[in-house]
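S.K.: Supplied structure: model13.pdb, PDB, C-alpha atoms.
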```
ATOM      1  CA  ASP F  49     149.049  83.277 104.963
ATOM      2  CA  ALA F  50     146.903  80.698 103.180
ATOM      3  CA  ALA F  51     149.608  78.018 103.180
ATOM      4  CA  ALA F  52     150.139  78.392 106.933
ATOM      5  CA  ARG F  53     146.396  78.063 107.560
ATOM      6  CA  VAL F  54     146.312  74.863 105.526
ATOM      7  CA  ARG F  55     149.256  73.466 107.518
ATOM      8  CA  ARG F  56     147.580  74.365 110.815
ATOM      9  CA  ARG F  57     144.360  72.603 109.776
ATOM     10  CA  ALA F  58     146.334  69.584 108.621
ATOM     11  CA  ALA F  59     148.266  69.434 111.880
ATOM     12  CA  ARG F  60     145.087  69.590 113.953
ATOM     13  CA  ARG F  61     143.505  66.874 111.816
ATOM     14  CA  VAL F  62     146.529  64.588 112.138
ATOM     15  CA  ALA F  63     146.563  65.029 115.938
ATOM     16  CA  ASP F  64     142.827  64.269 116.091
ATOM     17  CA  LEU F  65     143.293  61.154 113.941
ATOM     18  CA  LEU F  66     146.103  59.894 116.184
ATOM     19  CA  VAL F  67     143.807  60.257 119.202
ATOM     20  CA  GLU F  68     141.053  58.357 117.359
ATOM     21  CA  LEU F  69     143.468  55.552 116.438
ATOM     22  CA  GLY F  70     144.344  55.020 120.086
ATOM     23  CA  PRO F  71     147.187  54.933 122.633
ATOM     24  CA  THR F  72     149.886  53.406 120.411
ATOM     25  CA  TYR F  73     149.462  56.122 117.806
ATOM     26  CA  VAL F  74     149.245  58.891 120.399
ATOM     27  CA  LYS F  75     152.651  57.697 121.601
ATOM     28  CA  LEU F  76     153.977  58.078 118.036
ATOM     29  CA  GLY F  77     152.573  61.607 117.982
ATOM     30  CA  GLN F  78     154.318  62.414 121.254
ATOM     31  CA  ILE F  79     157.619  61.303 119.754
ATOM     32  CA  ALA F  80     157.014  63.437 116.657
ATOM     33  CA  SER F  81     156.149  66.470 118.818
ATOM     34  CA  CYS F  82     159.735  66.536 120.131
ATOM     35  CA  ARG F  83     161.360  66.527 116.714
ATOM     36  CA  ARG F  84     163.572  69.572 116.369
ATOM     37  CA  GLU F  85     162.469  70.279 112.799
ATOM     38  CA  LEU F  86     158.812  70.559 113.902
ATOM     39  CA  VAL F  87     159.234  72.686 117.026
ATOM     40  CA  ASP F  88     158.844  76.091 115.335
ATOM     41  CA  THR F  89     156.239  75.027 112.767
ATOM     42  CA  GLU F  90     152.446  74.929 112.652
ATOM     43  CA  TRP F  91     152.670  71.227 113.513
ATOM     44  CA  ALA F  92     154.070  71.793 117.003
ATOM     45  CA  PRO F  93     151.020  72.968 119.043
ATOM     46  CA  PRO F  94     148.589  70.219 117.918
ATOM     47  CA  LEU F  95     151.174  67.468 118.414
ATOM     48  CA  GLN F  96     152.405  68.862 121.740
ATOM     49  CA  ARG F  97     148.916  68.611 123.207
ATOM     50  CA  LEU F  98     149.265  64.833 122.836
ATOM     51  CA  GLN F  99     151.858  64.995 125.647
ATOM     52  CA  ASP F 100     149.303  65.650 128.395
ATOM     53  CA  GLN F 101     146.017  66.883 126.888
ATOM     54  CA  VAL F 102     144.557  63.757 125.299
ATOM     55  CA  PRO F 103     140.792  63.389 125.922
ATOM     56  CA  ALA F 104     140.245  61.723 129.279
ATOM     57  CA  PHE F 105     138.327  58.478 129.625
ATOM     58  CA  PRO F 106     135.172  58.532 131.773
ATOM     59  CA  GLY F 107     134.984  56.803 135.124
ATOM     60  CA  GLY F 108     138.542  57.360 136.296
ATOM     61  CA  GLU F 109     137.570  57.075 139.975
ATOM     62  CA  ALA F 110     135.629  53.881 139.331
ATOM     63  CA  GLU F 111     138.615  52.380 137.537
ATOM     64  CA  LEU F 112     140.866  53.385 140.428
ATOM     65  CA  ARG F 113     138.450  51.825 142.909
ATOM     66  CA  ARG F 114     138.336  48.609 140.857
ATOM     67  CA  ARG F 115     142.121  48.350 140.608
ATOM     68  CA  LEU F 116     142.905  49.039 144.288
ATOM     69  CA  GLY F 117     139.982  47.203 145.883
ATOM     70  CA  ARG F 118     139.918  47.411 149.691
ATOM     71  CA  ARG F 119     142.942  49.693 149.761
ATOM     72  CA  PHE F 120     140.888  52.388 148.068
ATOM     73  CA  GLU F 121     138.198  52.305 150.763
ATOM     74  CA  GLU F 122     140.724  52.122 153.602
ATOM     75  CA  ARG F 123     143.142  54.835 152.471
ATOM     76  CA  PHE F 124     141.364  57.352 150.235
ATOM     77  CA  GLU F 125     139.193  60.140 151.588
ATOM     78  CA  ALA F 126     138.270  61.721 148.248
ATOM     79  CA  VAL F 127     139.247  61.719 144.576
ATOM     80  CA  ASP F 128     138.833  64.740 142.311
ATOM     81  CA  GLY F 129     136.483  63.784 139.505
ATOM     82  CA  ALA F 130     138.151  65.645 136.653
ATOM     83  CA  PRO F 131     141.706  64.537 135.795
ATOM     84  CA  VAL F 132     144.455  67.174 135.820
ATOM     85  CA  ALA F 133     146.244  65.512 132.886
ATOM     86  CA  ALA F 134     145.550  62.788 130.357
ATOM     87  CA  ALA F 135     147.970  61.182 127.924
ATOM     88  CA  SER F 136     148.421  58.071 125.823
ATOM     89  CA  LEU F 137     148.441  55.455 128.585
ATOM     90  CA  GLY F 138     146.360  56.920 131.377
ATOM     91  CA  GLN F 139     145.236  59.981 133.261
ATOM     92  CA  VAL F 140     146.104  61.649 136.556
ATOM     93  CA  HIS F 141     143.586  62.466 139.270
ATOM     94  CA  LEU F 142     144.329  64.443 142.406
ATOM     95  CA  ALA F 143     143.137  62.798 145.625
ATOM     96  CA  THR F 144     143.231  63.196 149.395
ATOM     97  CA  LEU F 145     144.231  60.333 151.666
ATOM     98  CA  ARG F 146     142.525  59.747 155.007
ATOM     99  CA  ASP F 147     145.609  61.120 156.776
ATOM    100  CA  GLY F 148     145.144  64.426 154.903
ATOM    101  CA  ARG F 149     147.991  64.090 152.409
ATOM    102  CA  ARG F 150     147.358  65.169 148.821
ATOM    103  CA  VAL F 151     148.444  62.719 146.160
ATOM    104  CA  ALA F 152     148.432  62.430 142.385
ATOM    105  CA  VAL F 153     147.130  59.102 141.146
ATOM    106  CA  LYS F 154     147.827  57.858 137.636
ATOM    107  CA  VAL F 155     145.302  55.286 136.520
ATOM    108  CA  GLN F 156     145.725  53.320 133.316
ATOM    109  CA  ARG F 157     143.192  53.383 130.502
ATOM    110  CA  PRO F 158     140.891  50.327 130.601
ATOM    111  CA  ASN F 159     141.806  47.425 128.305
ATOM    112  CA  LEU F 160     145.078  49.081 127.353
ATOM    113  CA  LYS F 161     147.026  45.830 126.971
ATOM    114  CA  ALA F 162     144.372  44.381 124.661
ATOM    115  CA  ILE F 163     144.576  47.525 122.506
ATOM    116  CA  TYR F 164     148.373  47.263 122.446
ATOM    117  CA  ASP F 165     148.174  43.592 121.478
ATOM    118  CA  LYS F 166     146.092  44.419 118.399
ATOM    119  CA  ASP F 167     148.179  47.440 117.359
ATOM    120  CA  VAL F 168     151.474  45.619 117.878
ATOM    121  CA  ALA F 169     150.278  42.626 115.843
ATOM    122  CA  LEU F 170     149.326  44.927 112.951
ATOM    123  CA  LEU F 171     152.560  46.909 113.089
ATOM    124  CA  ARG F 172     154.642  43.725 113.333
ATOM    125  CA  THR F 173     153.040  42.517 110.093
ATOM    126  CA  ILE F 174     153.999  45.784 108.410
ATOM    127  CA  PHE F 175     157.594  45.618 109.636
ATOM    128  CA  LYS F 176     157.954  41.989 108.573
ATOM    129  CA  ALA F 177     156.777  43.022 105.107
ATOM    130  CA  LEU F 178     159.568  45.612 105.003
ATOM    131  CA  ASP F 179     162.058  42.821 105.689
ATOM    132  CA  ARG F 180     160.423  40.551 103.111
ATOM    133  CA  PHE F 181     160.745  43.212 100.422
ATOM    134  CA  LYS F 182     164.299  43.991 101.597
ATOM    135  CA  VAL F 183     163.645  47.649 102.411
ATOM    136  CA  SER F 184     166.976  48.912 103.724
ATOM    137  CA  VAL F 185     167.239  50.078 107.321
ATOM    138  CA  GLY F 186     170.688  51.584 106.831
ATOM    139  CA  VAL F 187     172.294  49.390 109.503
ATOM    140  CA  ASP F 188     172.904  45.671 109.903
ATOM    141  CA  GLN F 189     169.626  45.036 111.673
ATOM    142  CA  ALA F 190     166.268  43.938 110.329
ATOM    143  CA  TRP F 191     163.112  46.017 110.665
ATOM    144  CA  GLY F 192     161.495  43.156 112.566
ATOM    145  CA  ALA F 193     164.266  43.134 115.173
ATOM    146  CA  ILE F 194     164.040  46.906 115.592
ATOM    147  CA  PHE F 195     160.273  46.689 116.030
ATOM    148  CA  ASP F 196     160.579  43.860 118.578
ATOM    149  CA  ASP F 197     162.871  46.046 120.691
ATOM    150  CA  ALA F 198     160.403  48.934 120.468
ATOM    151  CA  ALA F 199     157.460  46.676 121.345
ATOM    152  CA  ASP F 200     159.317  45.436 124.424
ATOM    153  CA  LEU F 201     159.701  49.045 125.574
ATOM    154  CA  LEU F 202     156.015  49.765 124.940
ATOM    155  CA  TYR F 203     154.883  46.820 127.059
ATOM    156  CA  ARG F 204     157.261  47.741 129.878
ATOM    157  CA  GLU F 205     155.778  51.239 129.956
ATOM    158  CA  ILE F 206     152.269  49.933 130.643
ATOM    159  CA  ASP F 207     153.461  48.186 133.814
ATOM    160  CA  TYR F 208     153.426  50.969 136.384
ATOM    161  CA  ARG F 209     155.524  48.855 138.746
ATOM    162  CA  CYS F 210     158.460  49.431 136.382
ATOM    163  CA  GLU F 211     157.807  53.160 136.427
ATOM    164  CA  ALA F 212     157.734  53.151 140.234
ATOM    165  CA  ALA F 213     161.103  51.369 140.365
ATOM    166  CA  HIS F 214     162.603  53.841 137.879
ATOM    167  CA  ALA F 215     161.328  56.831 139.876
ATOM    168  CA  ARG F 216     162.795  55.443 143.100
ATOM    169  CA  GLU F 217     166.177  54.916 141.427
ATOM    170  CA  PHE F 218     166.200  58.466 140.049
ATOM    171  CA  ALA F 219     165.273  59.856 143.477
ATOM    172  CA  GLU F 220     168.113  57.896 145.112
ATOM    173  CA  ASN F 221     170.628  59.068 142.491
ATOM    174  CA  PHE F 222     169.690  62.708 143.096
ATOM    175  CA  ARG F 223     168.990  62.576 146.819
ATOM    176  CA  ASP F 224     171.731  65.146 147.520
ATOM    177  CA  ALA F 225     170.644  67.527 144.718
ATOM    178  CA  PRO F 226     168.196  70.130 146.085
ATOM    179  CA  TRP F 227     167.722  71.622 142.587
ATOM    180  CA  VAL F 228     165.812  68.624 141.189
ATOM    181  CA  THR F 229     163.129  66.288 142.504
ATOM    182  CA  THR F 230     160.582  63.684 141.481
ATOM    183  CA  PRO F 231     157.373  62.867 143.372
ATOM    184  CA  GLU F 232     157.648  60.218 146.086
ATOM    185  CA  ILE F 233     155.992  56.909 145.197
ATOM    186  CA  PHE F 234     153.422  55.308 147.519
ATOM    187  CA  ASP F 235     154.267  51.641 146.922
ATOM    188  CA  ASP F 236     151.385  50.309 148.998
ATOM    189  CA  LEU F 237     148.923  52.231 146.801
ATOM    190  CA  SER F 238     150.518  51.359 143.471
ATOM    191  CA  THR F 239     149.993  48.367 141.197
ATOM    192  CA  GLU F 240     150.607  47.345 137.604
ATOM    193  CA  HIS F 241     147.759  49.680 136.584
ATOM    194  CA  VAL F 242     147.787  52.400 139.280
ATOM    195  CA  LEU F 243     150.616  54.690 140.380
ATOM    196  CA  THR F 244     150.136  56.835 143.483
ATOM    197  CA  MET F 245     152.592  59.684 144.039
ATOM    198  CA  ALA F 246     153.002  62.676 146.312
ATOM    199  CA  TYR F 247     151.353  65.729 144.765
ATOM    200  CA  VAL F 248     154.173  68.033 143.670
ATOM    201  CA  PRO F 249     152.680  70.826 141.538
ATOM    202  CA  GLY F 250     154.778  73.069 139.332
ATOM    203  CA  VAL F 251     154.856  75.310 136.289
ATOM    204  CA  SER F 252     155.230  73.247 133.127
ATOM    205  CA  LEU F 253     158.441  73.873 131.212
ATOM    206  CA  LYS F 254     156.203  74.101 128.133
ATOM    207  CA  ASP F 255     154.848  77.382 129.510
ATOM    208  CA  VAL F 256     157.830  79.644 128.918
ATOM    209  CA  ALA F 257     155.711  82.788 129.355
ATOM    210  CA  ALA F 258     154.561  81.675 132.818
ATOM    211  CA  ILE F 259     158.129  80.865 133.868
ATOM    212  CA  GLU F 260     159.409  84.241 132.682
ATOM    213  CA  ALA F 261     156.527  86.019 134.446
ATOM    214  CA  ASP F 262     157.201  84.279 137.779
ATOM    215  CA  PRO F 263     159.824  86.217 139.798
ATOM    216  CA  SER F 264     160.674  83.087 141.818
ATOM    217  CA  LEU F 265     161.750  81.190 138.679
ATOM    218  CA  ASP F 266     164.784  81.841 136.493
ATOM    219  CA  ALA F 267     164.585  80.317 133.013
ATOM    220  CA  LYS F 268     168.356  80.289 132.442
ATOM    221  CA  SER F 269     169.037  78.625 135.787
ATOM    222  CA  LEU F 270     166.381  75.993 135.092
ATOM    223  CA  ALA F 271     167.843  75.332 131.640
ATOM    224  CA  ARG F 272     171.336  74.911 133.097
ATOM    225  CA  ASN F 273     170.059  72.550 135.756
ATOM    226  CA  LEU F 274     168.129  70.520 133.195
ATOM    227  CA  ALA F 275     171.318  70.066 131.161
ATOM    228  CA  ARG F 276     173.201  69.264 134.379
ATOM    229  CA  CYS F 277     170.555  66.711 135.322
ATOM    230  CA  TYR F 278     170.895  64.853 132.040
ATOM    231  CA  LEU F 279     174.674  64.977 131.987
ATOM    232  CA  LEU F 280     174.704  63.378 135.434
ATOM    233  CA  GLN F 281     172.217  60.741 134.318
ATOM    234  CA  PHE F 282     174.280  59.908 131.236
ATOM    235  CA  CYS F 283     177.805  60.184 132.541
ATOM    236  CA  ARG F 284     177.724  59.412 136.265
ATOM    237  CA  HIS F 285     174.711  57.253 137.032
ATOM    238  CA  GLY F 286     174.305  55.498 133.692
ATOM    239  CA  PHE F 287     170.534  55.515 134.211
ATOM    240  CA  PHE F 288     168.304  58.065 132.514
ATOM    241  CA  ASN F 289     164.738  59.028 131.717
ATOM    242  CA  THR F 290     164.254  58.450 127.978
ATOM    243  CA  ASP F 291     161.026  60.458 127.649
ATOM    244  CA  PRO F 292     162.032  64.026 128.589
ATOM    245  CA  HIS F 293     159.391  65.974 126.650
ATOM    246  CA  ALA F 294     158.271  69.226 128.242
ATOM    247  CA  GLY F 295     154.995  67.713 129.406
ATOM    248  CA  ASN F 296     157.023  65.605 131.865
ATOM    249  CA  LEU F 297     159.022  68.542 133.246
ATOM    250  CA  ALA F 298     158.055  71.398 135.552
ATOM    251  CA  ALA F 299     159.498  73.837 138.079
ATOM    252  CA  ASP F 300     158.517  75.129 141.496
ATOM    253  CA  ALA F 301     159.865  77.728 143.921
ATOM    254  CA  ALA F 302     161.250  75.301 146.523
ATOM    255  CA  ILE F 303     164.691  76.909 146.148
ATOM    256  CA  PRO F 304     165.844  80.310 144.831
ATOM    257  CA  LYS F 305     165.588  80.525 141.016
ATOM    258  CA  GLY F 306     163.488  77.376 140.937
ATOM    259  CA  ARG F 307     163.676  73.628 141.369
ATOM    260  CA  LEU F 308     163.188  71.150 138.528
ATOM    261  CA  ILE F 309     160.457  68.523 138.837
ATOM    262  CA  VAL F 310     160.732  65.385 136.705
ATOM    263  CA  TYR F 311     157.534  63.400 136.212
ATOM    264  CA  ASP F 312     156.888  60.099 134.441
ATOM    265  CA  PHE F 313     159.547  57.398 134.412
ATOM    266  CA  GLY F 314     157.641  54.992 132.217
ATOM    267  CA  GLN F 315     160.596  54.946 129.842
ATOM    268  CA  ALA F 316     164.158  54.681 131.143
ATOM    269  CA  ALA F 317     167.412  53.086 130.016
ATOM    270  CA  ARG F 318     170.923  52.280 131.189
ATOM    271  CA  LEU F 319     174.401  52.993 129.857
ATOM    272  CA  ASP F 320     177.390  50.769 130.570
ATOM    273  CA  GLU F 321     180.836  52.096 131.484
ATOM    274  CA  ASN F 322     182.001  52.436 127.872
ATOM    275  CA  GLU F 323     178.807  54.181 126.850
ATOM    276  CA  ARG F 324     179.166  56.661 129.715
ATOM    277  CA  ALA F 325     182.806  57.350 128.811
ATOM    278  CA  GLY F 326     181.847  57.748 125.164
ATOM    279  CA  ALA F 327     179.084  60.210 126.053
ATOM    280  CA  LEU F 328     181.594  62.449 127.850
ATOM    281  CA  MET F 329     184.002  62.145 124.941
ATOM    282  CA  LEU F 330     181.240  63.019 122.483
ATOM    283  CA  LEU F 331     180.288  66.109 124.466
ATOM    284  CA  GLU F 332     183.879  67.327 124.358
ATOM    285  CA  ALA F 333     184.030  66.598 120.620
ATOM    286  CA  LEU F 334     180.856  68.573 119.957
ATOM    287  CA  LEU F 335     182.038  71.546 121.969
ATOM    288  CA  ASP F 336     185.344  71.599 120.056
ATOM    289  CA  GLU F 337     183.867  70.551 116.679
ATOM    290  CA  ASP F 338     186.449  67.758 116.640
ATOM    291  CA  ALA F 339     185.391  65.201 114.022
ATOM    292  CA  GLU F 340     188.195  62.751 114.887
ATOM    293  CA  LEU F 341     187.220  62.751 118.565
ATOM    294  CA  CYS F 342     183.558  62.313 117.582
ATOM    295  CA  VAL F 343     184.374  59.084 115.799
ATOM    296  CA  ASP F 344     186.518  57.964 118.744
ATOM    297  CA  ALA F 345     183.468  58.553 120.954
ATOM    298  CA  PHE F 346     181.223  56.542 118.619
ATOM    299  CA  SER F 347     183.753  53.696 118.698
ATOM    300  CA  THR F 348     184.001  53.789 122.497
ATOM    301  CA  MET F 349     180.216  53.629 122.786
ATOM    302  CA  GLY F 350     180.121  50.661 120.414
ATOM    303  CA  VAL F 351     177.695  52.189 117.915
ATOM    304  CA  LEU F 352     179.864  51.602 114.813
ATOM    305  CA  LYS F 353     179.720  48.291 113.016
ATOM    306  CA  GLU F 354     182.838  46.182 112.623
ATOM    307  CA  GLY F 355     185.034  47.173 109.683
ATOM    308  CA  TYR F 356     183.648  50.717 109.430
ATOM    309  CA  ASP F 357     185.336  53.256 107.126
ATOM    310  CA  ARG F 358     186.807  55.671 109.637
ATOM    311  CA  GLU F 359     187.968  58.242 107.095
ATOM    312  CA  ALA F 360     184.533  58.415 105.473
ATOM    313  CA  ILE F 361     182.759  58.886 108.811
ATOM    314  CA  VAL F 362     185.247  61.552 109.956
ATOM    315  CA  ALA F 363     184.725  63.403 106.657
ATOM    316  CA  THR F 364     180.930  63.266 107.051
ATOM    317  CA  VAL F 365     181.046  64.538 110.642
ATOM    318  CA  ALA F 366     183.455  67.330 109.681
ATOM    319  CA  ASP F 367     181.155  68.349 106.813
ATOM    320  CA  ASN F 368     178.208  68.484 109.212
ATOM    321  CA  PHE F 369     180.176  70.745 111.543
ATOM    322  CA  ARG F 370     181.160  73.078 108.687
ATOM    323  CA  ALA F 371     177.598  73.251 107.364
ATOM    324  CA  GLY F 372     176.164  74.004 110.810
ATOM    325  CA  ARG F 373     173.955  70.913 110.797
ATOM    326  CA  VAL F 374     175.091  70.041 114.321
ATOM    327  CA  ALA F 375     174.572  72.416 117.254
ATOM    328  CA  THR F 376     177.930  72.905 118.959
ATOM    329  CA  GLY F 377     179.649  75.104 121.516
ATOM    330  CA  LYS F 378     181.444  77.040 118.815
ATOM    331  CA  GLY F 379     178.248  77.406 116.824
ATOM    332  CA  ALA F 380     176.463  78.861 119.836
ATOM    333  CA  ALA F 381     179.252  81.380 120.303
ATOM    334  CA  ARG F 382     179.162  82.589 116.700
TER     335      ARG F 382
END
```
Have the structure of the file written as structure tokens, please.

M.R.:
Amino acid sequence: DAAARVRRRAARRVADLLVELGPTYVKLGQIASCRRELVDTEWAPPLQRLQDQVPAFPGGEAELRRRLGRRFEERFEAVDGAPVAAASLGQVHLATLRDGRRVAVKVQRPNLKAIYDKDVALLRTIFKALDRFKVSVGVDQAWGAIFDDAADLLYREIDYRCEAAHAREFAENFRDAPWVTTPEIFDDLSTEHVLTMAYVPGVSLKDVAAIEADPSLDAKSLARNLARCYLLQFCRHGFFNTDPHAGNLAADAAIPKGRLIVYDFGQAARLDENERAGALMLLEALLDEDAELCVDAFSTMGVLKEGYDREAIVATVADNFRAGRVATGKGAAR
């Protein structure tokens, strides 16, 4: 209808504007693309393309050559000119090493840190103004402090050495799990601005039709293993990928019914022992729609401020369960 057409045009225009504004704003669009309330709306397709279909920058091979120096000449046989994916921070080119191995090389956009510096300075001014005018955050933390935490994460993500370390840790944690993998990192061909990985192609989890059409892949098995993967990250290892949008997930036919492939560990976080225990407790509470246990889980994880009103929080959680605002085991069964 006419209203839907207007929304589609608006969504495309917003996505285009975010690309024009630059990497920081593309990252905001990526976050918005994963919001549950937008998934089945006209906003979803334009925002989802920001996950891995941002316009590429020219001269990717030249930038790679500049960043690696002699190592490029000594180790690389050829680099495909057109990138296979491009997102907020960089783009990925396929390449062939002199020993014949195929690799995927992520090279960072030129001058990215300088762009971040300008955007972060502007956004910090805005957030400080929110504090100055006493705009409520809803918790006992200032907007400026929240923004500083977010900025720290943004700067860590543009250091590909952090991503390489995260990928190695994930691979070690799941070394005995044949149903999930992440590409091997070539440390000697990786730097702060370049990340060289084994080429592990797969069908994107965004492409549900392709998965369902492939007899070697089973969508339900992949979904179960994805949930299993995250439960293990949260509750056993206490280390998890914090950017699990579908553009970073794929599947191949390495095992019957399909193997998960997890790409991109630019964002990752850790949970301490109490947080891991609380996550398990919260899962049980959600499955049973147990408001009391939910609040116990929140307390165990340390997310409630001192002196909280337990009865009020229990009542709110219980009301959310009754109204169906929270997806639960019982709700799925109904």

S.K.: Report, in Å with one decimal, the straight-line distance from CA of Lys305 in chain F to CA of Leu270 in chain F.

M.R.: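 It comes out at 7.5 Å.
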
S.K.: At a cut-off of 12 Å, using all atoms listed in the file, what residues contact Tyr73 in chain F? Leave out same-chain residues fewer than 3 positions from it and give the result as a PDB file with C-alpha atoms, in the coordinates of the input.

M.R.:
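What landed in around-v2.pdb:
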```
ATOM      1  CA  VAL F  62     146.529  64.588 112.138  1.00  0.00           C
ATOM      2  CA  ALA F  63     146.563  65.029 115.938  1.00  0.00           C
ATOM      3  CA  ASP F  64     142.827  64.269 116.091  1.00  0.00           C
ATOM      4  CA  LEU F  65     143.293  61.154 113.941  1.00  0.00           C
ATOM      5  CA  LEU F  66     146.103  59.894 116.184  1.00  0.00           C
ATOM      6  CA  VAL F  67     143.807  60.257 119.202  1.00  0.00           C
ATOM      7  CA  GLU F  68     141.053  58.357 117.359  1.00  0.00           C
ATOM      8  CA  LEU F  69     143.468  55.552 116.438  1.00  0.00           C
ATOM      9  CA  GLY F  70     144.344  55.020 120.086  1.00  0.00           C
ATOM     10  CA  LEU F  76     153.977  58.078 118.036  1.00  0.00           C
ATOM     11  CA  GLY F  77     152.573  61.607 117.982  1.00  0.00           C
ATOM     12  CA  GLN F  78     154.318  62.414 121.254  1.00  0.00           C
ATOM     13  CA  ILE F  79     157.619  61.303 119.754  1.00  0.00           C
ATOM     14  CA  ALA F  80     157.014  63.437 116.657  1.00  0.00           C
ATOM     15  CA  LEU F  95     151.174  67.468 118.414  1.00  0.00           C
ATOM     16  CA  LEU F  98     149.265  64.833 122.836  1.00  0.00           C
ATOM     17  CA  VAL F 102     144.557  63.757 125.299  1.00  0.00           C
ATOM     18  CA  ALA F 135     147.970  61.182 127.924  1.00  0.00           C
ATOM     19  CA  SER F 136     148.421  58.071 125.823  1.00  0.00           C
ATOM     20  CA  LEU F 137     148.441  55.455 128.585  1.00  0.00           C
ATOM     21  CA  ILE F 163     144.576  47.525 122.506  1.00  0.00           C
ATOM     22  CA  TYR F 164     148.373  47.263 122.446  1.00  0.00           C
ATOM     23  CA  ASP F 167     148.179  47.440 117.359  1.00  0.00           C
ATOM     24  CA  VAL F 168     151.474  45.619 117.878  1.00  0.00           C
ATOM     25  CA  LEU F 171     152.560  46.909 113.089  1.00  0.00           C
ATOM     26  CA  LEU F 202     156.015  49.765 124.940  1.00  0.00           C
TER      27      LEU F 202
END
```

S.K.: Pick out the closest residue to Glu205 in chain F from this set: F:Gln281, F:Ser81, F:Gln315, F:Thr239. Count all atoms listed in the file.

M.R.: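 Under the stated criterion, the closest residue is F:Gln315.
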
S.K.: If you count all atoms listed in the file, which residues fall within 9 Å of Arg216 in chain F, apart from same-chain ones fewer than 5 positions away, as a list in words?

M.R.: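 Those residues are Glu211, Asn221, Thr230, Glu232 and Ile233 of chain F.
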
S.K.: Do you have the CA of Leu243 in chain F-CA of Pro158 in chain F distance handy?

M.R.: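 CA of Pro158 in chain F lies 14.5 Å from CA of Leu243 in chain F.
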
S.K.: Show which residues sit within 10 Å of Phe175 in chain F, as number ranges by chain. Count all atoms listed in the file, and ignore same-chain residues fewer than 2 positions away.

M.R.: F: 170-173, 177-180, 183, 190-196

S.K.: Kindly add all heavy atoms to the incomplete range 63-67 of chain F and provide the output as a CSV table (one decimal), in the coordinates of the input.

M.R.:
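Generated file (out08.csv):
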```csv
chain,number,residue,atom,x,y,z
F,63,ALA,N,146.6,65.3,114.5
F,63,ALA,CA,146.6,65.0,115.9
F,63,ALA,C,145.2,64.4,116.3
F,63,ALA,O,145.2,63.4,117.2
F,63,ALA,CB,146.8,66.3,116.7
F,64,ASP,N,144.1,64.9,115.8
F,64,ASP,CA,142.8,64.3,116.1
F,64,ASP,C,142.8,62.8,115.6
F,64,ASP,O,142.2,62.0,116.3
F,64,ASP,CB,141.7,65.1,115.4
F,64,ASP,CG,141.5,66.5,116.1
F,64,ASP,OD1,142.0,66.6,117.2
F,64,ASP,OD2,140.9,67.3,115.4
F,65,LEU,N,143.3,62.5,114.5
F,65,LEU,CA,143.3,61.2,113.9
F,65,LEU,C,144.1,60.2,114.8
F,65,LEU,O,143.7,59.1,115.1
F,65,LEU,CB,143.8,61.1,112.5
F,65,LEU,CG,142.9,61.6,111.4
F,65,LEU,CD1,143.6,61.7,110.1
F,65,LEU,CD2,141.7,60.7,111.3
F,66,LEU,N,145.3,60.7,115.3
F,66,LEU,CA,146.1,59.9,116.2
F,66,LEU,C,145.4,59.5,117.5
F,66,LEU,O,145.4,58.4,118.0
F,66,LEU,CB,147.4,60.6,116.5
F,66,LEU,CG,148.4,60.8,115.3
F,66,LEU,CD1,149.6,61.7,115.7
F,66,LEU,CD2,148.9,59.4,114.9
F,67,VAL,N,144.6,60.5,118.0
F,67,VAL,CA,143.8,60.3,119.2
F,67,VAL,C,142.7,59.2,118.9
F,67,VAL,O,142.5,58.3,119.7
F,67,VAL,CB,143.2,61.6,119.7
F,67,VAL,CG1,142.1,61.3,120.8
F,67,VAL,CG2,144.2,62.5,120.2
```
